[in-house]
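Engineer: The structure file target_11.txt (compact mmCIF, C-alpha atoms) is provided below.
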```txt
# COMPACT_ATOMS: atom_id res chain seq x y z
CA MET A 240 10.54 -26.11 8.98
CA GLU A 241 10.08 -22.61 7.59
CA ASP A 242 7.16 -22.20 5.20
CA LEU A 243 8.82 -20.21 2.41
CA TYR A 244 5.56 -19.79 0.51
CA LYS A 245 3.15 -19.03 3.35
CA ASN A 246 2.41 -15.50 2.13
CA ILE A 247 1.43 -16.54 -1.41
CA ARG A 248 0.29 -20.16 -1.39
CA PRO A 249 -3.33 -21.36 -1.12
CA TYR A 250 -4.59 -22.27 2.32
CA THR A 251 -3.84 -25.70 3.70
CA ASP A 252 -6.91 -27.73 4.58
CA ALA A 253 -6.43 -26.82 8.27
CA GLU A 254 -6.29 -23.12 7.36
CA ALA A 255 -9.28 -23.52 5.05
CA GLU A 256 -11.37 -25.12 7.79
CA GLU A 257 -10.48 -22.28 10.14
CA ALA A 258 -11.54 -19.71 7.52
CA MET A 259 -14.95 -21.26 6.74
CA PRO A 260 -16.96 -19.64 9.60
CA ARG A 261 -15.55 -16.22 8.67
CA ILE A 262 -16.43 -16.73 5.00
CA ALA A 263 -19.93 -17.94 5.92
CA ALA A 264 -20.55 -14.79 7.98
CA SER A 265 -19.19 -12.40 5.35
CA SER A 266 -21.17 -9.94 3.25
CA LEU A 267 -19.70 -11.69 0.18
CA ALA A 268 -21.45 -14.94 1.11
CA ALA A 269 -24.71 -13.08 1.72
CA ALA A 270 -24.50 -11.30 -1.65
CA THR A 271 -23.66 -14.55 -3.46
CA ALA A 272 -26.58 -16.33 -1.83
CA LYS A 273 -28.99 -13.51 -2.73
CA TYR A 274 -27.94 -13.45 -6.39
CA PHE A 275 -27.47 -17.14 -7.18
CA PHE A 276 -29.92 -18.77 -4.76
CA PRO A 277 -32.79 -16.28 -4.33
CA ASP A 278 -35.27 -19.15 -3.89
CA LYS A 279 -33.41 -20.53 -0.88
CA ASP A 280 -33.40 -19.61 2.81
CA PRO A 281 -30.83 -16.83 3.53
CA ASP A 282 -28.80 -19.29 5.63
CA TYR A 283 -28.74 -21.91 2.88
CA LEU A 284 -25.34 -20.98 1.41
CA PRO A 285 -23.68 -19.91 4.69
CA GLY A 286 -24.82 -23.21 6.19
CA ILE A 287 -23.14 -25.20 3.41
CA ILE A 288 -19.96 -23.12 3.78
CA ARG A 289 -19.84 -23.88 7.50
CA SER A 290 -20.07 -27.61 6.71
CA CYS A 291 -16.94 -27.49 4.53
CA LYS A 292 -13.72 -28.78 6.06
CA THR A 293 -11.30 -28.67 3.12
CA SER A 294 -10.66 -26.83 -0.13
CA ASP A 295 -12.06 -29.84 -2.00
CA ASP A 296 -15.27 -29.55 0.04
CA PHE A 297 -15.50 -25.85 -0.76
CA GLN A 298 -15.01 -26.40 -4.49
CA ASP A 299 -17.45 -29.35 -4.58
CA LYS A 300 -20.20 -27.77 -2.48
CA ILE A 301 -19.85 -24.04 -3.23
CA ILE A 302 -17.72 -23.09 -6.25
CA ALA A 303 -18.97 -25.72 -8.71
CA PRO A 304 -22.70 -25.15 -7.90
CA VAL A 305 -22.25 -21.35 -8.14
CA LEU A 306 -20.60 -21.73 -11.55
CA TYR A 307 -23.32 -24.12 -12.75
CA ARG A 308 -25.94 -21.62 -11.58
CA ASP A 309 -24.15 -18.75 -13.30
CA LEU A 310 -24.03 -20.64 -16.60
CA ALA A 311 -27.74 -21.39 -16.26
CA VAL A 312 -28.75 -17.85 -15.24
CA THR A 313 -26.75 -16.22 -18.05
CA GLN A 314 -27.81 -18.90 -20.56
CA SER A 315 -24.17 -19.72 -21.25
CA LYS A 316 -22.84 -23.10 -22.32
CA LEU A 317 -19.39 -24.53 -21.52
CA SER A 318 -17.52 -26.98 -23.73
CA TYR A 319 -13.91 -28.15 -23.71
CA SER A 320 -11.42 -30.33 -25.56
CA GLY A 321 -7.95 -31.83 -25.02
CA LEU A 322 -8.30 -33.19 -21.48
CA GLU A 323 -6.76 -36.52 -22.51
CA SER A 324 -3.25 -35.15 -21.86
CA PHE A 325 -3.91 -35.12 -18.10
CA THR A 326 -4.40 -38.87 -17.67
CA ASN A 327 -1.88 -41.61 -18.39
CA SER A 328 -2.80 -45.14 -19.49
CA ASP A 329 -2.32 -46.38 -15.93
CA GLY A 330 -4.76 -43.79 -14.60
CA SER A 331 -2.10 -41.52 -13.06
CA ILE A 332 -2.49 -37.77 -13.48
CA ASN A 333 0.00 -35.33 -15.01
CA SER A 334 0.55 -31.81 -13.72
CA PHE A 335 1.14 -28.83 -15.99
CA VAL A 336 1.70 -25.11 -16.04
CA LEU A 337 -1.57 -24.16 -17.74
CA LEU A 338 -0.50 -21.08 -19.68
CA SER A 339 -3.82 -19.50 -20.59
CA THR A 340 -5.34 -16.72 -22.64
CA HIS A 341 -6.97 -14.14 -20.42
CA ARG A 342 -10.29 -12.41 -21.15
CA ASP A 343 -12.14 -12.51 -17.79
CA ILE A 344 -10.67 -11.89 -14.34
CA VAL A 345 -12.46 -14.67 -12.45
CA LEU A 346 -14.22 -16.83 -15.02
CA ASP A 347 -11.11 -17.82 -16.99
CA PRO A 348 -9.41 -19.81 -14.21
CA ALA A 349 -12.70 -20.77 -12.54
CA LEU A 350 -14.07 -22.43 -15.67
CA VAL A 351 -10.76 -24.18 -16.36
CA ALA A 352 -10.92 -25.57 -12.83
CA LEU A 353 -14.57 -26.56 -13.36
CA ALA A 354 -13.67 -28.52 -16.50
CA LEU A 355 -11.05 -30.43 -14.50
CA HIS A 356 -13.46 -30.94 -11.59
CA ASP A 357 -16.17 -32.33 -13.87
CA ASN A 358 -13.73 -34.85 -15.31
CA HIS A 359 -12.35 -36.04 -11.96
CA ILE A 360 -8.97 -34.40 -12.52
CA PRO A 361 -7.50 -32.53 -9.52
CA THR A 362 -8.38 -28.86 -9.84
CA CYS A 363 -5.56 -26.44 -10.57
CA GLU A 364 -4.05 -23.81 -8.35
CA ILE A 365 -4.62 -20.32 -9.75
CA ALA A 366 -2.07 -17.50 -9.93
CA ALA A 367 -3.86 -14.16 -9.50
CA GLY A 368 -2.77 -10.64 -8.66
CA ASP A 369 -3.14 -9.32 -5.12
CA ASN A 370 -4.85 -6.24 -6.63
CA LEU A 371 -7.99 -8.42 -6.77
CA LEU A 372 -7.99 -8.93 -3.01
CA ALA A 373 -10.13 -5.95 -2.09
CA ASN A 374 -10.62 -7.13 1.49
CA GLU A 375 -9.87 -10.00 3.87
CA ASP A 376 -13.09 -11.84 3.00
CA ILE A 377 -12.25 -11.96 -0.70
CA GLU A 378 -8.71 -13.09 0.10
CA ALA A 379 -10.04 -15.90 2.30
CA VAL A 380 -12.39 -17.12 -0.43
CA MET A 381 -9.68 -16.96 -3.08
CA ARG A 382 -7.06 -18.77 -1.01
CA VAL A 383 -9.51 -21.47 0.08
CA ASN A 384 -10.23 -21.82 -3.65
CA ARG A 385 -6.55 -22.57 -4.34
CA MET A 386 -5.37 -19.09 -5.31
CA ILE A 387 -1.64 -18.34 -5.49
CA LYS A 388 -1.15 -14.68 -4.62
CA VAL A 389 0.89 -12.74 -7.18
CA ILE A 390 2.27 -9.68 -5.41
CA ARG A 391 2.09 -6.55 -7.59
CA SER A 392 4.50 -3.67 -7.02
CA ASP A 393 6.09 -0.70 -8.79
CA ASN A 394 9.33 -1.31 -6.89
CA PRO A 395 11.80 -3.25 -9.12
CA ARG A 396 13.49 -4.86 -6.13
CA VAL A 397 10.18 -6.11 -4.74
CA VAL A 398 9.16 -7.37 -8.19
CA TYR A 399 12.40 -9.32 -8.55
CA THR A 400 12.25 -10.86 -5.06
CA THR A 401 8.58 -11.84 -5.19
CA SER A 402 8.91 -13.15 -8.75
CA LYS A 403 11.65 -15.53 -7.64
CA VAL A 404 9.44 -16.88 -4.88
CA LEU A 405 6.44 -17.23 -7.19
CA SER A 406 8.54 -18.96 -9.84
CA ALA A 407 9.97 -21.40 -7.31
CA TYR A 408 6.53 -22.20 -5.92
CA ILE A 409 5.01 -22.90 -9.34
CA ARG A 410 7.96 -25.09 -10.32
CA SER A 411 7.77 -27.02 -7.03
CA LYS A 412 4.11 -27.93 -7.60
CA VAL A 413 4.59 -29.13 -11.17
CA VAL A 414 7.94 -30.91 -10.74
CA ALA A 415 6.57 -32.84 -7.75
CA ASN A 416 3.45 -33.59 -9.84
CA GLU A 417 1.31 -32.34 -6.96
CA ARG A 418 -1.09 -30.12 -8.89
CA SER A 419 -1.38 -28.12 -12.11
CA VAL A 420 -1.05 -24.33 -11.93
CA TRP A 421 -3.13 -21.92 -14.03
CA ILE A 422 -1.45 -18.66 -14.98
CA ALA A 423 -2.44 -16.04 -17.53
CA HIS A 424 -0.04 -15.63 -20.44
CA ARG A 425 0.08 -11.88 -19.83
CA GLY A 426 -0.46 -9.41 -17.03
CA GLY A 427 -4.04 -8.17 -17.24
CA ARG A 428 -6.78 -9.18 -19.64
CA THR A 429 -6.44 -8.93 -23.41
CA LYS A 430 -8.44 -5.82 -24.34
CA ASP A 431 -8.01 -5.66 -28.13
CA GLY A 432 -8.59 -9.34 -28.98
CA PHE A 433 -4.96 -10.04 -29.94
CA ASP A 434 -3.72 -12.64 -27.46
CA ARG A 435 0.02 -12.12 -26.94
CA THR A 436 2.27 -13.89 -24.44
CA GLU A 437 4.52 -11.60 -22.43
CA GLN A 438 8.19 -12.51 -22.53
CA GLY A 439 8.51 -11.18 -18.97
CA LEU A 440 6.19 -13.94 -17.76
CA LEU A 441 8.36 -16.59 -19.41
CA LYS A 442 11.47 -15.06 -17.83
CA MET A 443 9.74 -15.20 -14.44
CA LEU A 444 8.99 -18.90 -14.91
CA ASP A 445 12.63 -19.51 -15.87
CA MET A 446 14.02 -17.74 -12.78
CA SER A 447 13.68 -20.75 -10.51
CA GLY A 448 15.30 -23.23 -12.87
CA GLU A 449 18.76 -24.54 -12.03
CA GLY A 450 19.55 -26.01 -15.43
CA SER A 451 19.67 -24.87 -19.02
CA PHE A 452 16.83 -23.05 -20.79
CA LEU A 453 15.78 -26.38 -22.32
CA GLU A 454 15.88 -28.24 -18.99
CA ASN A 455 14.07 -25.48 -17.12
CA PHE A 456 11.13 -25.31 -19.51
CA THR A 457 10.96 -29.08 -19.99
CA GLN A 458 10.47 -29.37 -16.22
CA LEU A 459 7.53 -26.96 -16.28
CA ASN A 460 5.47 -29.11 -18.64
CA ILE A 461 3.69 -26.12 -20.22
CA MET A 462 0.23 -26.68 -21.68
CA PRO A 463 -1.25 -23.81 -23.74
CA VAL A 464 -4.90 -23.21 -22.84
CA THR A 465 -7.25 -21.10 -24.97
CA ILE A 466 -10.58 -19.79 -23.65
CA SER A 467 -13.00 -18.49 -26.29
CA TYR A 468 -16.18 -16.59 -25.39
CA GLU A 469 -19.00 -16.14 -27.90
CA TYR A 470 -19.83 -12.82 -26.23
CA GLU A 471 -16.82 -11.00 -24.84
CA THR A 472 -17.10 -10.52 -21.09
CA CYS A 473 -16.99 -6.83 -20.10
CA GLY A 474 -16.42 -6.08 -23.78
CA ALA A 475 -17.63 -2.47 -23.66
CA LEU A 476 -15.43 -1.72 -20.64
CA LYS A 477 -12.41 -3.09 -22.50
CA ALA A 478 -13.28 -1.03 -25.58
CA LEU A 479 -13.75 2.07 -23.42
CA GLU A 480 -10.28 1.59 -21.95
CA LEU A 481 -8.74 1.34 -25.43
CA TYR A 482 -10.68 4.40 -26.61
CA THR A 483 -9.57 6.42 -23.58
CA LYS A 484 -5.93 5.42 -24.05
CA ALA A 485 -6.05 6.40 -27.73
CA LYS A 486 -7.66 9.76 -26.94
CA GLN A 487 -5.78 10.75 -23.78
CA GLY A 488 -2.60 8.70 -24.06
CA PHE A 489 -3.24 6.97 -20.73
CA TYR A 490 -5.89 5.15 -18.71
CA HIS A 491 -6.17 5.12 -14.93
CA LYS A 492 -8.30 2.47 -13.24
CA GLN A 493 -10.95 3.78 -10.90
CA PRO A 494 -11.26 2.45 -7.33
CA GLY A 495 -13.26 -0.77 -7.34
CA GLU A 496 -13.00 -1.17 -11.13
CA ASP A 497 -11.58 -4.71 -10.96
CA VAL A 498 -14.30 -5.82 -8.56
CA ASN A 499 -16.94 -4.32 -10.87
CA SER A 500 -15.44 -6.23 -13.81
CA MET A 501 -15.53 -9.44 -11.78
CA ILE A 502 -19.23 -8.91 -11.03
CA GLN A 503 -20.10 -7.98 -14.61
CA GLY A 504 -18.27 -11.04 -15.91
CA PHE A 505 -20.63 -13.21 -13.88
CA LYS A 506 -23.81 -11.28 -14.65
CA GLN A 507 -23.50 -10.83 -18.40
CA PRO A 508 -24.68 -13.56 -20.82
CA LYS A 509 -21.63 -15.18 -22.39
CA GLY A 510 -23.19 -17.49 -24.97
CA GLY A 511 -20.88 -20.36 -25.81
CA ILE A 512 -17.59 -20.77 -23.96
CA HIS A 513 -14.98 -23.19 -25.25
CA ILE A 514 -11.78 -24.19 -23.46
CA SER A 515 -9.09 -25.83 -25.55
CA PHE A 516 -6.49 -27.69 -23.50
CA GLY A 517 -3.64 -27.88 -26.03
CA LYS A 518 -0.91 -30.46 -26.32
CA PRO A 519 1.99 -29.69 -23.96
CA LEU A 520 4.96 -27.92 -25.52
CA THR A 521 7.15 -30.45 -27.28
CA ARG A 522 10.89 -30.91 -26.97
CA GLU A 523 11.21 -29.88 -30.62
CA GLU A 524 9.46 -26.56 -29.92
CA LEU A 525 11.67 -25.90 -26.92
CA LEU A 526 14.77 -26.79 -28.94
CA GLU A 527 13.69 -24.28 -31.59
CA ALA A 528 13.58 -21.52 -28.96
CA ASP A 529 16.78 -22.75 -27.30
CA SER A 530 18.72 -22.48 -30.56
CA ALA A 531 18.54 -18.68 -30.38
CA GLN A 532 20.75 -16.34 -28.37
CA HIS A 533 19.95 -14.93 -24.93
CA ASN A 534 16.65 -12.97 -24.79
CA GLU A 535 15.79 -14.09 -28.30
CA LYS A 536 14.98 -17.50 -26.79
CA PHE A 537 12.05 -15.98 -24.89
CA ARG A 538 10.79 -14.08 -27.93
CA ILE A 539 10.72 -17.26 -30.00
CA LEU A 540 9.08 -19.26 -27.21
CA ALA A 541 6.41 -16.56 -26.83
CA LYS A 542 5.77 -16.70 -30.58
CA ILE A 543 5.44 -20.50 -30.48
CA LEU A 544 2.93 -20.23 -27.65
CA ASP A 545 0.97 -17.47 -29.41
CA ASP A 546 0.75 -19.52 -32.60
CA ARG A 547 -0.58 -22.47 -30.60
CA LEU A 548 -3.05 -20.38 -28.63
CA ASN A 549 -4.38 -18.56 -31.67
CA ALA A 550 -4.69 -21.75 -33.73
CA SER A 551 -6.92 -23.28 -31.03
CA PHE A 552 -9.14 -20.20 -30.58
CA LYS A 553 -12.73 -21.17 -31.38
CA LEU A 554 -14.28 -18.70 -33.80
CA TRP A 555 -17.95 -18.03 -33.06
CA PRO A 556 -20.61 -16.51 -35.33
CA THR A 557 -20.07 -13.24 -33.43
CA ASN A 558 -16.45 -13.08 -34.62
CA TYR A 559 -17.39 -13.58 -38.27
CA ALA A 560 -20.32 -11.15 -38.11
CA ALA A 561 -18.13 -8.44 -36.57
CA ALA A 562 -15.53 -8.88 -39.32
CA ASP A 563 -18.17 -8.48 -42.03
CA ILE A 564 -19.68 -5.40 -40.34
CA LEU A 565 -16.28 -3.73 -40.20
CA ALA A 566 -15.47 -4.68 -43.79
CA GLY A 567 -18.88 -3.53 -45.01
CA ASN A 568 -19.59 -6.79 -46.84
CA ASP A 569 -21.18 -10.21 -46.25
CA GLU A 570 -18.28 -12.49 -47.19
CA TYR A 571 -18.51 -14.68 -44.09
CA LEU A 572 -22.31 -14.64 -44.21
CA GLN A 573 -22.17 -16.09 -47.72
CA GLN A 574 -19.77 -18.76 -46.48
CA GLY A 575 -22.27 -19.80 -43.82
CA HIS A 576 -20.26 -18.75 -40.77
CA TYR A 577 -23.16 -16.84 -39.25
CA THR A 578 -26.79 -15.93 -39.91
CA LEU A 579 -28.57 -12.59 -40.04
CA GLU A 580 -30.09 -13.50 -36.67
CA ASP A 581 -26.56 -13.95 -35.26
CA LYS A 582 -25.64 -10.51 -36.58
CA ASP A 583 -28.77 -8.90 -35.12
CA ARG A 584 -28.07 -10.46 -31.72
CA LEU A 585 -24.50 -9.16 -31.76
CA LEU A 586 -25.59 -5.63 -32.68
CA GLU A 587 -28.29 -5.72 -30.00
CA ARG A 588 -25.72 -6.84 -27.44
CA ILE A 589 -23.29 -4.11 -28.44
CA GLY A 590 -26.13 -1.57 -28.33
CA TRP A 591 -27.16 -2.18 -24.72
CA GLU A 592 -23.61 -2.77 -23.55
CA THR A 593 -22.36 0.58 -24.90
CA GLU A 594 -25.42 2.62 -23.97
CA GLY A 595 -24.37 6.06 -22.79
CA MET A 596 -20.82 5.66 -24.11
CA PRO A 597 -19.21 7.54 -27.03
CA GLU A 598 -20.25 6.14 -30.42
CA GLU A 599 -16.63 5.20 -31.21
CA ILE A 600 -16.79 2.49 -28.52
CA LYS A 601 -18.99 0.36 -30.78
CA GLY A 602 -16.26 0.30 -33.43
CA LYS A 603 -13.61 -0.63 -30.86
CA LEU A 604 -15.82 -3.44 -29.61
CA LEU A 605 -16.39 -4.78 -33.13
CA GLU A 606 -12.63 -4.72 -33.67
CA LEU A 607 -12.18 -6.79 -30.51
CA TYR A 608 -14.59 -9.44 -31.82
CA ALA A 609 -12.98 -9.49 -35.27
CA ALA A 610 -9.36 -9.50 -34.12
CA HIS A 611 -8.61 -13.17 -34.79
CA LEU A 612 -9.90 -12.82 -38.35
CA ASN A 613 -7.93 -9.65 -39.02
CA GLU A 614 -4.47 -10.68 -37.81
```
In structure tokens, what does this structure look like?

Structural biologist:
Amino acid sequence: MEDLYKNIRPYTDAEAEEAMPRIAASSLAAATAKYFFPDKDPDYLPGIIRSCKTSDDFQDKIIAPVLYRDLAVTQSKLSYSGLESFTNSDGSINSFVLLSTHRDIVLDPALVALALHDNHIPTCEIAAGDNLLANEDIEAVMRVNRMIKVIRSDNPRVVYTTSKVLSAYIRSKVVANERSVWIAHRGGRTKDGFDRTEQGLLKMLDMSGEGSFLENFTQLNIMPVTISYEYETCGALKALELYTKAKQGFYHKQPGEDVNSMIQGFKQPKGGIHISFGKPLTREELLEADSAQHNEKFRILAKILDDRLNASFKLWPTNYAAADILAGNDEYLQQGHYTLEDKDRLLERIGWETEGMPEEIKGKLLELYAAHLNE
């Protein structure tokens, strides 16, 4: 039988086992071992990789320990809420389209998967752009780690064709209740702090449905997921991009920029990280969107999702301090939302993160932190 999804789906366990020796011998494995396990023998991590036979093995023995080590090294703390929706009273597991805010290229889906892993819920498959696959080694690691490859293109015909395949694959996983699928609610990370769902993404998800708008989205079992970082990952780089766009009218990524952002996301301290697994979209919410005409349905559905995502965003002391700094007052300080020490730590962070950049970047970065309080 033809494998319609072979080019985009994660590796099967047989394919994963075949890829393990190549991953173990890669420069990526060596660099990971050197950074996260400097106290171990150089063959420590490659040896564990070679012992893995399945994607579950790889996530249990490699991905989860690397994430635990990263949280420890960067003095970051992960918390989460809302996982009760995954498990029924009889112990069976539900699958969802996990429609998620997007602030960090790798950490967003990785930490969502870690939360599921730690609570004995099958880890999600992860939809990620093929622009992140800088080489064959990275692609092997990503696909062993349950990545669904999203093919990027400037060709409208290619976009349409590949979107149909992606949509059908995601629907097949959720409808069969095989596994949840994580997908960002927009293409690319939110740079300005205002988390907005792209209607184009919702239209892509709808493409594979054979019923009405209501039936198609009911099948997908969409769960809004909000990821809130106390310290914005790659915040200065995001602010620099916004500053450059405002000044020049455009921004062109440099070669290797995505890979650099992936590395910086791991290396930088993130403080607290909270993942809110929201209640799945209700029939009433879908009926509200379905009552509109044509494309207006998608606009209303995007607004419903944005309201849910923003309502579940955890506001940290950094967010309140940034809002007060921009306003030139201490309103939130007086209300007890942060301390002067919190403010000093934020300013220190912004100082070293923007070193060597134009002074205006600091203002852009403060605006990013304060966005949810200034909507």

Engineer: Which residue, A:Thr483, A:Ser515, A:Gln574, A:Ser411, has the smallest gap to Glu599 in chain A when you use all atoms listed in the file?

Structural biologist: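 Ranked by minimum distance to Glu599 in chain A, first place goes to A:Thr483.
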
Engineer: Set the distance at 7 Å and use only C-alpha atoms: which residues neighbour Ile365 in chain A once local chain neighbours fewer than 3 positions away are removed? I'd like the list as a PyMOL selection string.

Structural biologist: chain A and resi 348+385-387+420-422

Engineer: Work out how far CA of Phe335 in chain A is from CA of Ser419 in chain A, in Å to one decimal.

Structural biologist: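 So the answer is 4.7 Å.
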
Engineer: Just to confirm, what's the straight-line distance from CA of Asp497 in chain A to CA of Arg584 in chain A in Å (one decimal)?

Structural biologist: 27.1 Å

Engineer: Using only C-alpha atoms, find the one residue out of A:Tyr250, A:Tyr608, A:Tyr307, A:Phe325 that sits nearest to Asn460 in chain A.

Structural biologist: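 Between A:Tyr250, A:Tyr608, A:Tyr307, A:Phe325, the residue approaching Asn460 in chain A most closely is A:Phe325.
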
Engineer: Determine, counting all atoms listed in the file, every residue of protein, DNA or RNA that lies within 9 Å of (9.0, -17.8, -12.1) in the file coordinates, then give the result as a PyMOL selection string.

Structural biologist: chain A and resi 402-410+440-448

Engineer: My list of candidates is A:Gly432, A:Gly474, A:Gly504, A:Gly450. Which is closest to Phe552 in chain A when distances are computed with all atoms listed in the file?

Structural biologist: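 For Phe552 in chain A, the nearest of the given residues is A:Gly432.
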
Engineer: If I put a ball of radius 7 Å at (-9.6, -2.2, -16.9) in the file's coordinates, which residues poke into it when counting all atoms listed in the file, written as a list in words?

Structural biologist: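 Every polymer residue passing the test: Leu476, Lys477, Glu480, Lys492, Glu496 and Asp497 of chain A.
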
Engineer: Would you mind reading off the distance between CA of Ala269 in chain A and CA of Leu353 in chain A, one decimal, in Å?

Structural biologist: 22.6 Å

Engineer: Please, what is the axis-aligned box for every listed atom of range 296-314 of chain A with 5 Å on each side, as centre and edge lengths in Å to one decimal, as JSON?

Structural biologist:
```
{"center_x": -21.9, "center_y": -22.9, "center_z": -10.3, "size_x": 23.7, "size_y": 23.3, "size_z": 30.6}
```

Engineer: Neighbouring residues of Thr465 in chain A were defined as those with any atom within 7 Å, considering only C-alpha atoms; residues of the same chain fewer than 6 positions away were excluded. Please report them as a PDB file with C-alpha atoms, keeping the file's coordinate frame.

Structural biologist:
```pdb
ATOM      1  CA  SER A 339      -3.820 -19.500 -20.590  1.00  0.00           C
ATOM      2  CA  THR A 340      -5.340 -16.720 -22.640  1.00  0.00           C
ATOM      3  CA  ILE A 514     -11.780 -24.190 -23.460  1.00  0.00           C
ATOM      4  CA  SER A 515      -9.090 -25.830 -25.550  1.00  0.00           C
ATOM      5  CA  PHE A 516      -6.490 -27.690 -23.500  1.00  0.00           C
ATOM      6  CA  LEU A 548      -3.050 -20.380 -28.630  1.00  0.00           C
ATOM      7  CA  SER A 551      -6.920 -23.280 -31.030  1.00  0.00           C
ATOM      8  CA  PHE A 552      -9.140 -20.200 -30.580  1.00  0.00           C
TER       9      PHE A 552
END
```

Engineer: So that I can see what lies close to His356 in chain A, please list as a list in words the residues with an atom at most 10 Å from it, counting all atoms listed in the file and leaving out residues fewer than 6 positions away in the same chain.

Structural biologist: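 Residues near the query, excluding close chain neighbours: Asp295, Gln298, Asp299, Ala303, Leu350, Thr362 and Cys363 of chain A.
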
Engineer: What does the file look like for those residues with C-alpha atoms, as a PDB file, keeping the file's coordinate frame?

Structural biologist:
```
ATOM      1  CA  ASP A 295     -12.060 -29.840  -2.000  1.00  0.00           C
ATOM      2  CA  GLN A 298     -15.010 -26.400  -4.490  1.00  0.00           C
ATOM      3  CA  ASP A 299     -17.450 -29.350  -4.580  1.00  0.00           C
ATOM      4  CA  ALA A 303     -18.970 -25.720  -8.710  1.00  0.00           C
ATOM      5  CA  LEU A 350     -14.070 -22.430 -15.670  1.00  0.00           C
ATOM      6  CA  THR A 362      -8.380 -28.860  -9.840  1.00  0.00           C
ATOM      7  CA  CYS A 363      -5.560 -26.440 -10.570  1.00  0.00           C
TER       8      CYS A 363
END
```

Engineer: Using all atoms listed in the file, which residue out of A:Ala560, A:Val398, A:Ile461, A:Leu565 lies closest to Thr521 in chain A?

Structural biologist: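 Among A:Ala560, A:Val398, A:Ile461, A:Leu565, it is A:Ile461 that comes nearest to Thr521 in chain A.
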
Engineer: Determine, counting all atoms listed in the file, which protein, DNA and RNA residues have an atom within 7 Å of an atom of range 312-320 of chain A; residues of the same chain fewer than 5 positions away are not included. Present the result as an NGL selection string.

Structural biologist: :A and (506-516)

Engineer: Determine the nearest neighbour of Gly495 in chain A from the options A:Val397, A:Leu526, A:Ala541, A:Leu371, counting all atoms listed in the file.

Structural biologist: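 Answer, going by the shortest atom-to-atom distance: A:Leu371.
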
Engineer: When you look at Asn613 in chain A with a cut-off of 9 Å (counting all atoms listed in the file), what residues show up, excluding the ones that are within fewer than 4 positions of it in the same chain? I need them as JSON, numbers by chain.

Structural biologist: {"A": [562, 606, 609]}

Engineer: Could you check which of A:Asn558, A:Asn568, A:Asn384, A:Asn455 is closest to Leu607 in chain A, using all atoms listed in the file?

Structural biologist: A:Asn558
